[in-house]
Structures are given as structure tokens and as C-alpha cells.
Amino acid sequence: MRSRLGLALATYENTVDLEMTTSMLDRAADEAEAAPESIRRGLVGLVSGQRGVILMRSGQFGASLPAISASLAAHDEDDLRSRAIDHLNRGVALIQIGRLGEALEDLEWARRLAEEDRNARTQSFALHNLGYVRHLMGDLPGALMAMEDALAALPDESTAIDRLGRAEVLFEGGLVAAAEELLTTTIPDLAAARLRPERAEAEYYRAKCLLILNRFEEAARLAATARRHYERVGHEARAVLARVLELEAMLEPARRSPTLARTARRRATSALVVAQEGDTAGPVLGLDPGHAARLVAVQWFLRAGDVDAAQTALAQLPRRLTTAPLSLRIQHYTAQAELAFATGDRAKGVRAVRSGLSLLADHRSRLGSVESVTAAAAHGVDLTRLDVEAAARSRRPAALFDALERGRATFAGTGRVTPPEDPEAAALLTEARGLLAKAREIGAANPRERERLTRRAARIQDEVRERSWRHAGNAGAVQRPVTSKELRAVLDRRSDDTTVVANYLVMDGMLRCVRVDAQGVTSYDVAPEKTITESVRRLGADFAMAANHLIPPPLRAAARASLERNLKTIDDLLLVPLAAQGDLYIVAREPLLSVPWSSLPSRSGLRTAVNSHVARGRAHARPSGKRRLLAAAGPGVEHGTAEARAVGEQWPGATVLTGEDAVTERVRTALATHDVVHLATHGQHDADNPLFASIDLADGPLFAHELDGTPLPGSVVILSSCEVGGSTQVLGGELLGLTSVLLRLGARAVIASVAKLSDELAARVMPRLHAHLRETDDPEAALAAALADVAEPVPLVCFSSVEGLSAD
């Protein structure tokens, strides 16, 4: 009989013929009933357990529960292994139908019984699924921690199913690129293992990742593949979800290139047909496929211009999708907002946007690392885009400003106020630092060995990144967006009326500016995005040539002349139309991240500050009395030691670290304890892994990642390093890099270079900057004064906030 049970499972896995498999199980059940009384109960339980497993494999999770429960009831109390497996299977089935509380109870029983039985495999599976439940309940850090514990329980057997579950958690958390990369390597392994339902699930989630990554055609194709695989294994509800995803993947291309109304209507009608199929198939993971289909139908009806049909489809949905995954709940608010804006009910649309952003803000508050906080913005892209586009159509510049900052503020700031105790991560970073320091010493003498060390350090950095995703947030508060009304009130309180805030955005390929001063708010088109991007790129190349002393003087002179011309071109495009005669606060993202604002001709001698959102800054009088300064010089900086000492001379009682004293631990401590920190070091911005932007110190690089979670005391940080002021705009629009991390952690200003800066020029400028900073405690004014009399352009930028905006 046992062989018949094994044959039944093998038959189903190879034929997906549930009728044939059920017939085999029925014969096995008859044999069990005919067995001697002494063994009958156990055999009946075995048949019930196998029936439950096969029903689960066929997607009939609700139907599997009685069979698994019957199996569990048949086991003796001391049969720990069988009881653990049944609790595990029942917990998995309960997950699939959305009964998460009961699933947690079963999985916890499975974990305890497996631990008592010393069955590492079942214990690992139970821990992994406990993590999956926590993910469905919105606890990303808890989910990843449980999954890490699952791997620790069975360290030599990381399976494709483990990777699939982890990828789903990463996706819902917004770490979409990491999830997509993981799924890409997991799908072939699932196919090789003939795990058909799991392969379809991996394809489905990878298609969802591709959709967010704007790879729409790939997303549609892979969703269709997942649908076919779901259909072959009889998972009707999941097949419906995959078909919904196919239709959804066509939406964004239709928005960018207008679709015929009849095509849009046909797709909307298809979505409604799919919704009915979803209603019949029933829920999966607490999600009703019919709800997902109707949301897509709403969006296609709006593409067709049929607002009434869209309203009818949306009215068929519950008011709140409380049990649905975060991504679908956000999509629900997005559809509500789009419909409201389409009907001209702007107030209702804004309420839907705020509700969606509030949901995202709640999710963000549970996250503990800068990277996971910024990644969560990926789920709000469509919602914030709709908000901004609707505001633009209103032709009210103040509404456009408010819409921009509504979305940006949701993910501003860090998710944690104190660093977690993670000695393993610290040890890994120390190892990576040592490898990179050794690679630096090798230099060009042995490029192969240098590359090997660098790759090994990169693998360690990836491990550290992944550990940080497991940190939970405890900050509790999310930054409240600044409104144009609030900002104008602050500007009106100033002693002059020349201060300007310039908020830049890209819409439909055009760079636009929203200009705010005490008199009002205006907006205008600046130039095509391509024009600005090319001009900024040329500036970077010119700075690199001008700063390279190995280039012959005539070529450097030509580069300098080109630099001057391009600075004037950028100035004429971006700043001259602003007519900003006094202080200027610039709010900018791509393609303006590398603009050296203080070097533009019209800003000579004037206070200029830059940020990626309108951040609240100092609201009270500046501090008086003695301020603590640390200056450190890193290796390989030709004038670094002299620069650090010259800076130190500007501040009584300053601490100056040079040579072997300038190590990462002392600098990291100084950043958390000093009012002014000056770092005369080389550094680099890692565009592919921006949290590993770094500055070079005696014992190796100090990474931005190491500062994550360390509160800074409203300090001013000066990074006298080439290009370390760079940032990368990640999925969702958020910025990551050393500068953005320092600001998120509490620095009130960071002065850094956004292009190549020669050591000699930095050594001349920096003592002047600190002399002004010591006298004024005004980093924006200090930078302006320090650069005013310098003959050549200096690509230093002051990243800071709007003064006077209170934090509450």
C-alpha cells in the first residue's frame, strides 16, 4: 500500500491527472480499511496525508485541509516526525487560502515538534514558511529573519523553493531588482526539479518585477508563460492572476503611446471576463483574483475614455482590500485616484493618494535600513505619478509643488534611530575593508589579483546588504510633507524677499521648474530632458579633464575653456530664468544630480543649497560656544595632510588625524559626536551599489552602509573627495549615496564634490571655507564666500535644508 501511495504522487507529478491519481488513492484507502485493526488507523492516516498533499499540489488547498487533519488525528502522540509534517502541510495550505493566524499556529507546532525530533529539514521548512506568513502580514524584517533562521537550520541545503520565498518577500518589500535577480537564477532550478507549480509562481513574480522595472514586453511574455504553467497543473486562481498580470503589463505602454479606444475597451472587457473566472476560482493567499482583474479593468476603461464603465467596475470592489498584499492595496488606491481625477473630482483623488501614501508610510516605518526604506518607494511610483500629472493639469503651480512633495516626503529620512547590534555584519565589513585595502596596495602591479580581491569584497558587501534588510524600524514617525503654503509662510518671515525655492521635475520628456518665493508660486518649462542630460554629461567630462594634472597644459586649457562655456549654458538654462538674486534652495533629482550649482556664474557669492526633497531644516537660533571639529586625511591625497592641518588651525581644540591615526573607527565615531567633520580623503560613489559609496582611510574604505542607523548631531560634514557627493536615483525615484545617507541620519549640511576635484584646488579652498564656517556657522554662506574669489570653477555643492521649517 505504501508503494501505491508513492506511485500516486509520482503519477500526479508526471501526468497532472488528478482523476487518475484520486482513483489510485481510493484503492489505497480501501486497502487501508481492510488492514488488521492494529495497523488500520495508521494506514488510513497515511492515505489521508498523501491525499492532502496531492490536493495541495493541484491547487485545491481548502479541500486538502480535512484530509491533512484526518492524517494528523491518526498519528500517535509520540510520532513527532509525522505530526510535524502534517502540521507543516496544513500550515502551508492555510497560508494559500489566507487563514494566516491559523497557519502561524500550525507552523509553530511543526517547528517545535521538528526541533524536539531533531529533524532539521522539517524545522527549516517550518521556519521558512513562518517567514512567509510574516511577509504576508507586512513584516518584511521579521520574514527575512525567519528565512535566515531556516537556512541556518539546514545550512548545506539552500533550495530553489527557499530562494523563491525569499524573492517574493523582497518583491513586496520593494527590493524589486534584488528579487528579479534571485528569481532569474531560481526558475531554471525549479524547472530542472520538475516543481511545476513553484516554477509557475517564480515566473509570475519575476513578471511582476519586470513590470515595475519598466520591462513591459518581457513582463507580458513571462506572465503568459506562468499562466500556461498554472493551467497545466490545475491552479485556476493563480492562472487568473497571471492573466491579469498580462493585461496589466500592457497598460503602461498604452499610457506612453496612446492606444485606440476600441483596443482599450476590448482589454477592459477581457479583464472583466477574467474577473468572473477569478470569482469562481476563489481566493489565493487571501487575495481574490477577481478584485485584481477589476482593478485592471478600471484602468483599461479609463484608457478607453469610458468613465462610467470604470466607475461600475470599481464599485464592484470592497471599499478596502484589507487582506490583500501591499502592492495590490496600493494599486486599489491608485485606481481610485485615477478615476477621481478623470471625473474632475480633484479633492477625492488627492484623498485616495494620501490614503495610499499613508499605507506606504506605515510600511516604511517598519523598515530599519536606509536601502529598504528607499526601495519601498517602488510600490508608489504610479500613485505619485498620477498625483503629479493631475496637479499639472490643474494649472495650479502650488498644487504641483504639493503633489511633488507629498510623494517625496513619504520615504524621506531613515527608518531607524539607533544602530542594531550586528557583530557579524561588522566582522564582514572589516573583512571587505581589508580586502579592498590590500587591492589598493597592489594597484597596477598585479591587476588579476586586485580584481580577485575586489570581487570577493563585493560578494561580502552583498551579504552585508542583505543582512541590513532584516533590521526592523523603530523610528515610528514619517516626515510630514512640506506644502507650498507652509513654505511661503517661512519665506515671508525672512528679512528680505529675494529667497527662492526651485523645485525641478521631469514630465513627458521636459524638465520643468516650480518656483516659490514669498510672493507666490509659478511654474514653467525649462528645456527638453535630453538637452539637460547632455549638458550635464559634458560638464562632468570637462571637470575631469581640468582636474587631471597628467594631461598636457594646452589640452587642460581647452578643457577649462569648454568648462566655462558649458557652465554658462547650464546657468542660462536652469538659473537665469529663476531671477534668484538672493538665497536659492534647489530641489532636484535626475538629470540634475551632477550639476555643480555653486559654480554656476549667477550663483557666485550667493548662498545655494540642494536636496532631493524640501527638507525641514534649522528652526531655532544657531548654536554658540565651542564646537567640536575633527579633520582627517586619507592615504594617497597629495596635499591631504597639509589640508587637514590647515583646517584644524581654524578651530581651537580641533582633533586632526593623519597617517595611521586616520582609521575608520575613529572617523565613524567622530561623525556621531562632532559638530564639524572634515575628511580630506579620496573616495568613490558606487552607482551600482550606492550604499557602498566610500571614503578611503588608513585601514581601508569607510562605507556609507556602516553609518546606517547612526544618528548624527545636526553636524556639518565636508567631504573633500572627488565625486563622493554623487548619488544614484534608485527605483521609485529615491536617492542613495554617501551624501544622502548623511543627511538622512541627521547631518544639517554636507558639502561635497559632484565632479572631479584636484587635491591641490581642494587644499586651497578648504581652509577658507572653514574660516567662514567658524565665524558664521552657516555652511551655505561659508561655501559661497570660499568660492567667490577662486579663479577656476570648483564642483563643491552644499546639500542641506530650507532654514526655518520646523520639524513638527
# chains A, B, ... in the order shown; residues from 1 in each chain; ligands from 1

call {"tool": "closest_atom_pairs", "arguments": {"of": "segment 722-757 of chain A", "to": "segment 594-607 of chain A", "cutoff": "10 Å", "atoms": "only C-alpha atoms", "output": "JSON lines"}}
result
{"residue": "A:Glu723", "atom": "CA", "partner": "A:Ser594", "partner_atom": "CA", "distance": 8.9}
{"residue": "A:Gly725", "atom": "CA", "partner": "A:Ser594", "partner_atom": "CA", "distance": 8.5}
{"residue": "A:Gly726", "atom": "CA", "partner": "A:Ser594", "partner_atom": "CA", "distance": 6.8}
{"residue": "A:Ser727", "atom": "CA", "partner": "A:Ser594", "partner_atom": "CA", "distance": 8.4}
{"residue": "A:Ala752", "atom": "CA", "partner": "A:Pro596", "partner_atom": "CA", "distance": 10.0}
{"residue": "A:Ser753", "atom": "CA", "partner": "A:Pro596", "partner_atom": "CA", "distance": 7.9}
{"residue": "A:Val754", "atom": "CA", "partner": "A:Ser594", "partner_atom": "CA", "distance": 5.3}
{"residue": "A:Ala755", "atom": "CA", "partner": "A:Ser594", "partner_atom": "CA", "distance": 7.0}

call {"tool": "select_by_dssp", "arguments": {"residues": "segment 285-395 of chain A", "states": "helix (DSSP H, G or I)", "output": "NGL selection string"}}
result
:A and (289-303 or 307-315 or 326-342 or 346-365 or 370-393)

call {"tool": "atom_distance", "arguments": {"atom1": "atom CA of Arg628 of chain A", "atom2": "atom CA of Tyr585 of chain A"}}
result
27.3 Å

call {"tool": "select_by_dssp", "arguments": {"residues": "segment 403-608 of chain A", "states": "strand (DSSP E)", "output": "MDAnalysis selection string"}}
result
chainID A and resid 500:507 510:517 520:528 584:587 608

call {"tool": "closest_atom_pairs", "arguments": {"of": "segment 672-751 of chain A", "to": "segment 420-442 of chain A", "cutoff": "12 Å", "atoms": "only C-alpha atoms", "output": "CSV"}}
result
residue,atom,partner,partner_atom,distance
A:His682,CA,A:Arg440,CA,11.9
A:Phe692,CA,A:Leu429,CA,10.4
A:Ser694,CA,A:Arg433,CA,10.3
A:Ile695,CA,A:Arg433,CA,11.0
A:Asp696,CA,A:Ala437,CA,8.6
A:Leu697,CA,A:Ala437,CA,9.0
A:Ala698,CA,A:Ala437,CA,8.4
A:Asp699,CA,A:Ala437,CA,6.6
A:Gly700,CA,A:Ala437,CA,4.6
A:Pro701,CA,A:Arg433,CA,5.8
A:Leu702,CA,A:Arg433,CA,7.7
A:Phe703,CA,A:Leu429,CA,8.5
A:Ala704,CA,A:Leu429,CA,11.2
A:His705,CA,A:Leu429,CA,9.2
A:Glu706,CA,A:Leu429,CA,7.9
A:Leu707,CA,A:Pro420,CA,11.2
A:Asp708,CA,A:Pro420,CA,9.5
A:Gly709,CA,A:Pro420,CA,7.5
A:Thr710,CA,A:Pro420,CA,9.3

call {"tool": "write_last_selection", "arguments": {"atoms": "N, CA, C and O atoms", "output": "short mmCIF file (atom, residue, chain, number, x, y, z; two decimals), in the first residue's frame"}}
result
data_model
loop_
_atom_site.label_atom_id
_atom_site.label_comp_id
_atom_site.auth_asym_id
_atom_site.auth_seq_id
_atom_site.Cartn_x
_atom_site.Cartn_y
_atom_site.Cartn_z
N HIS A 682 40.44 60.51 -0.53
CA HIS A 682 39.87 60.06 -1.79
C HIS A 682 38.61 59.26 -1.48
O HIS A 682 38.43 58.78 -0.36
N PHE A 692 27.44 51.50 -0.79
CA PHE A 692 28.86 51.22 -0.59
C PHE A 692 29.73 52.30 -1.24
O PHE A 692 30.89 52.07 -1.55
N SER A 694 32.12 55.23 -0.66
CA SER A 694 33.09 55.14 0.43
C SER A 694 34.12 56.26 0.36
O SER A 694 34.28 56.92 -0.67
N ILE A 695 34.80 56.45 1.49
CA ILE A 695 35.97 57.31 1.56
C ILE A 695 37.13 56.46 2.04
O ILE A 695 36.96 55.56 2.88
N ASP A 696 38.32 56.71 1.50
CA ASP A 696 39.49 55.89 1.82
C ASP A 696 40.19 56.42 3.06
O ASP A 696 40.53 57.61 3.15
N LEU A 697 40.43 55.51 4.01
CA LEU A 697 41.16 55.85 5.23
C LEU A 697 42.33 54.87 5.38
O LEU A 697 42.52 53.97 4.55
N ALA A 698 43.11 55.03 6.46
CA ALA A 698 44.35 54.28 6.59
C ALA A 698 44.13 52.78 6.56
O ALA A 698 44.95 52.03 6.01
N ASP A 699 43.04 52.31 7.16
CA ASP A 699 42.79 50.87 7.23
C ASP A 699 41.80 50.39 6.17
O ASP A 699 41.30 49.26 6.25
N GLY A 700 41.52 51.20 5.16
CA GLY A 700 40.61 50.81 4.10
C GLY A 700 39.43 51.76 4.00
O GLY A 700 39.37 52.79 4.68
N PRO A 701 38.45 51.42 3.17
CA PRO A 701 37.33 52.33 2.94
C PRO A 701 36.32 52.32 4.09
O PRO A 701 36.05 51.29 4.70
N LEU A 702 35.77 53.51 4.38
CA LEU A 702 34.62 53.64 5.27
C LEU A 702 33.39 53.74 4.37
O LEU A 702 33.27 54.65 3.57
N PHE A 703 32.48 52.77 4.52
CA PHE A 703 31.32 52.68 3.63
C PHE A 703 30.13 53.46 4.19
O PHE A 703 29.92 53.50 5.41
N ALA A 704 29.33 54.00 3.29
CA ALA A 704 28.08 54.64 3.72
C ALA A 704 27.23 53.65 4.50
O ALA A 704 26.54 54.02 5.46
N HIS A 705 27.28 52.39 4.12
CA HIS A 705 26.48 51.35 4.77
C HIS A 705 26.78 51.26 6.27
O HIS A 705 25.89 50.97 7.07
N GLU A 706 28.03 51.52 6.65
CA GLU A 706 28.42 51.39 8.06
C GLU A 706 27.78 52.47 8.93
O GLU A 706 27.72 52.33 10.15
N LEU A 707 27.34 53.54 8.32
CA LEU A 707 26.75 54.64 9.08
C LEU A 707 25.25 54.48 9.26
O LEU A 707 24.65 55.19 10.07
N ASP A 708 24.66 53.55 8.50
CA ASP A 708 23.21 53.38 8.52
C ASP A 708 22.72 53.13 9.94
O ASP A 708 23.16 52.20 10.62
N GLY A 709 21.83 53.99 10.41
CA GLY A 709 21.28 53.84 11.74
C GLY A 709 22.00 54.63 12.81
O GLY A 709 21.59 54.63 13.96
N THR A 710 23.09 55.33 12.45
CA THR A 710 23.84 56.12 13.43
C THR A 710 23.32 57.55 13.43
O THR A 710 23.49 58.27 12.44
#

call {"tool": "closest_residue", "arguments": {"among": "A:Ser715, A:Thr641, A:Ser468, A:Gln331", "to": "Val677 of chain A", "atoms": "only C-alpha atoms"}}
result
A:Ser715

call {"tool": "residues_around", "arguments": {"residues": "Thr343 of chain A", "least_positions_apart": "3", "cutoff": "12 Å", "atoms": "only C-alpha atoms", "output": "list in words"}}
result
Leu302, Gly305, Asp306, Val307, Asp308, Ala310, Gln311, Gln336, Ala337, Glu338, Leu339, Ala340, Arg346, Ala347, Lys348, Gly349 and Ala390 of chain A

call {"tool": "atom_distance", "arguments": {"atom1": "atom CA of Leu555 of chain A", "atom2": "atom CA of Leu761 of chain A"}}
result
18.3 Å

call {"tool": "closest_atom_pairs", "arguments": {"of": "segment 358-454 of chain A", "to": "segment 178-194 of chain A", "cutoff": "12 Å", "atoms": "only C-alpha atoms", "output": "Markdown table"}}
result
| residue | atom | partner | partner_atom | distance |
| --- | --- | --- | --- | --- |
| A:Glu371 | CA | A:Ala178 | CA | 11.6 |
| A:Ser372 | CA | A:Ala178 | CA | 11.2 |
| A:Ala375 | CA | A:Ala178 | CA | 10.3 |

call {"tool": "write_last_selection", "arguments": {"atoms": "N, CA and C atoms", "output": "PDB file, in the first residue's frame"}}
result
ATOM      1  N   GLU A 371      18.338  51.496   2.806  1.00  0.00           N
ATOM      2  CA  GLU A 371      18.059  50.906   1.498  1.00  0.00           C
ATOM      3  C   GLU A 371      16.638  50.375   1.409  1.00  0.00           C
ATOM      4  N   SER A 372      16.173  49.668   2.444  1.00  0.00           N
ATOM      5  CA  SER A 372      14.820  49.124   2.369  1.00  0.00           C
ATOM      6  C   SER A 372      13.768  50.227   2.436  1.00  0.00           C
ATOM      7  N   ALA A 375      13.758  51.656  -1.047  1.00  0.00           N
ATOM      8  CA  ALA A 375      13.247  50.668  -2.001  1.00  0.00           C
ATOM      9  C   ALA A 375      11.731  50.594  -1.966  1.00  0.00           C
TER      10      ALA A 375
END

call {"tool": "residues_around", "arguments": {"residues": "Leu679 of chain A", "least_positions_apart": "4", "cutoff": "7 Å", "atoms": "only C-alpha atoms", "output": "PyMOL selection string"}}
result
chain A and resi 631-633+718-720

call {"tool": "closest_residue", "arguments": {"among": "A:Phe61, A:Phe543, A:Phe125, A:Tyr504", "to": "Pro793 of chain A", "atoms": "only C-alpha atoms"}}
result
A:Phe543

call {"tool": "residues_around", "arguments": {"residues": "Ser394 of chain A", "least_positions_apart": "5", "cutoff": "10 Å", "atoms": "only C-alpha atoms", "output": "ChimeraX atom specification"}}
result
/A:344,346,388-389,399-400

call {"tool": "residues_around", "arguments": {"residues": "segment 111-113 of chain A", "least_positions_apart": "2", "cutoff": "9 Å", "atoms": "only C-alpha atoms", "output": "ChimeraX atom specification"}}
result
/A:80-81,83-84,87-88,106-109,115-119,122-127

call {"tool": "residues_around", "arguments": {"residues": "Val802 of chain A", "least_positions_apart": "3", "cutoff": "12 Å", "atoms": "only C-alpha atoms", "output": "PyMOL selection string"}}
result
chain A and resi 482+486-488+490-491+494+499-502+583-587+607-619+748-749+780+798-799+805-807

call {"tool": "atom_distance", "arguments": {"atom1": "atom CA of Ala120 of chain A", "atom2": "atom CA of Glu77 of chain A"}}
result
19.8 Å

call {"tool": "closest_residue", "arguments": {"among": "A:Leu100, A:Val656, A:Leu738, A:Val244", "to": "Ala693 of chain A", "atoms": "only C-alpha atoms"}}
result
A:Leu738

call {"tool": "decode", "arguments": {"residues": "segment 478-491 of chain A", "atoms": "all heavy atoms", "output": "compact mmCIF listing (two decimals), in the first residue's frame"}}
result
# COMPACT_ATOMS: atom_id res chain seq x y z
N VAL A 478 7.01 59.36 10.30
CA VAL A 478 7.40 59.59 8.92
C VAL A 478 7.32 61.09 8.68
O VAL A 478 6.42 61.77 9.18
CB VAL A 478 6.46 58.83 7.96
CG1 VAL A 478 6.80 59.16 6.51
CG2 VAL A 478 6.57 57.34 8.21
N GLN A 479 8.25 61.61 7.92
CA GLN A 479 8.32 63.05 7.72
C GLN A 479 7.05 63.56 7.04
O GLN A 479 6.57 63.01 6.06
CB GLN A 479 9.53 63.40 6.85
CG GLN A 479 9.69 64.90 6.66
CD GLN A 479 11.08 65.24 6.18
OE1 GLN A 479 12.05 64.67 6.62
NE2 GLN A 479 11.16 66.18 5.25
N ARG A 480 6.49 64.62 7.60
CA ARG A 480 5.30 65.26 7.02
C ARG A 480 5.72 66.11 5.84
O ARG A 480 6.70 66.86 5.91
CB ARG A 480 4.64 66.13 8.10
CG ARG A 480 3.40 66.87 7.63
CD ARG A 480 2.71 67.53 8.81
NE ARG A 480 3.58 68.40 9.56
CZ ARG A 480 3.85 69.67 9.23
NH1 ARG A 480 3.30 70.20 8.14
NH2 ARG A 480 4.64 70.41 9.97
N PRO A 481 5.02 66.01 4.71
CA PRO A 481 5.44 66.78 3.53
C PRO A 481 5.30 68.28 3.75
O PRO A 481 4.36 68.75 4.41
CB PRO A 481 4.50 66.29 2.43
CG PRO A 481 3.32 65.73 3.14
CD PRO A 481 3.84 65.17 4.43
N VAL A 482 6.22 69.02 3.19
CA VAL A 482 6.16 70.48 3.21
C VAL A 482 5.18 70.93 2.12
O VAL A 482 5.23 70.45 0.99
CB VAL A 482 7.55 71.07 2.95
CG1 VAL A 482 7.47 72.59 2.82
CG2 VAL A 482 8.51 70.68 4.07
N THR A 483 4.29 71.84 2.45
CA THR A 483 3.35 72.38 1.48
C THR A 483 3.83 73.74 0.99
O THR A 483 4.63 74.42 1.65
CB THR A 483 1.95 72.53 2.09
OG1 THR A 483 2.01 73.51 3.13
CG2 THR A 483 1.48 71.20 2.68
N SER A 484 3.31 74.16 -0.15
CA SER A 484 3.69 75.47 -0.68
C SER A 484 3.23 76.58 0.26
O SER A 484 3.92 77.60 0.43
CB SER A 484 3.07 75.67 -2.07
OG SER A 484 1.65 75.52 -2.00
N LYS A 485 2.09 76.38 0.91
CA LYS A 485 1.59 77.39 1.85
C LYS A 485 2.54 77.53 3.03
O LYS A 485 2.88 78.66 3.45
CB LYS A 485 0.19 76.99 2.33
CG LYS A 485 -0.43 77.99 3.30
CD LYS A 485 -1.84 77.54 3.70
CE LYS A 485 -2.47 78.53 4.69
NZ LYS A 485 -3.83 78.08 5.09
N GLU A 486 2.98 76.40 3.57
CA GLU A 486 3.91 76.43 4.70
C GLU A 486 5.23 77.07 4.28
O GLU A 486 5.79 77.90 5.02
CB GLU A 486 4.15 75.00 5.19
CG GLU A 486 5.15 74.87 6.32
CD GLU A 486 5.45 73.42 6.64
OE1 GLU A 486 5.01 72.52 5.90
OE2 GLU A 486 6.14 73.19 7.64
N LEU A 487 5.71 76.71 3.11
CA LEU A 487 6.98 77.24 2.64
C LEU A 487 6.90 78.75 2.42
O LEU A 487 7.81 79.50 2.81
CB LEU A 487 7.37 76.53 1.34
CG LEU A 487 8.69 76.96 0.69
CD1 LEU A 487 9.86 76.79 1.65
CD2 LEU A 487 8.92 76.17 -0.59
N ARG A 488 5.82 79.22 1.82
CA ARG A 488 5.67 80.66 1.59
C ARG A 488 5.62 81.42 2.91
O ARG A 488 6.15 82.54 3.02
CB ARG A 488 4.41 80.93 0.77
CG ARG A 488 4.56 80.56 -0.71
CD ARG A 488 3.37 81.05 -1.49
NE ARG A 488 3.22 82.50 -1.39
CZ ARG A 488 2.12 83.17 -1.69
NH1 ARG A 488 1.05 82.51 -2.11
NH2 ARG A 488 2.07 84.47 -1.59
N ALA A 489 5.00 80.81 3.93
CA ALA A 489 4.95 81.47 5.24
C ALA A 489 6.34 81.63 5.82
O ALA A 489 6.67 82.67 6.40
CB ALA A 489 4.07 80.66 6.20
N VAL A 490 7.18 80.61 5.63
CA VAL A 490 8.57 80.70 6.12
C VAL A 490 9.33 81.79 5.36
O VAL A 490 10.03 82.62 5.95
CB VAL A 490 9.28 79.34 5.96
CG1 VAL A 490 10.78 79.48 6.23
CG2 VAL A 490 8.67 78.33 6.91
N LEU A 491 9.17 81.80 4.04
CA LEU A 491 9.88 82.79 3.23
C LEU A 491 9.39 84.20 3.55
O LEU A 491 10.16 85.17 3.53
CB LEU A 491 9.69 82.48 1.75
CG LEU A 491 10.24 81.13 1.27
CD1 LEU A 491 9.98 80.94 -0.21
CD2 LEU A 491 11.72 80.99 1.58
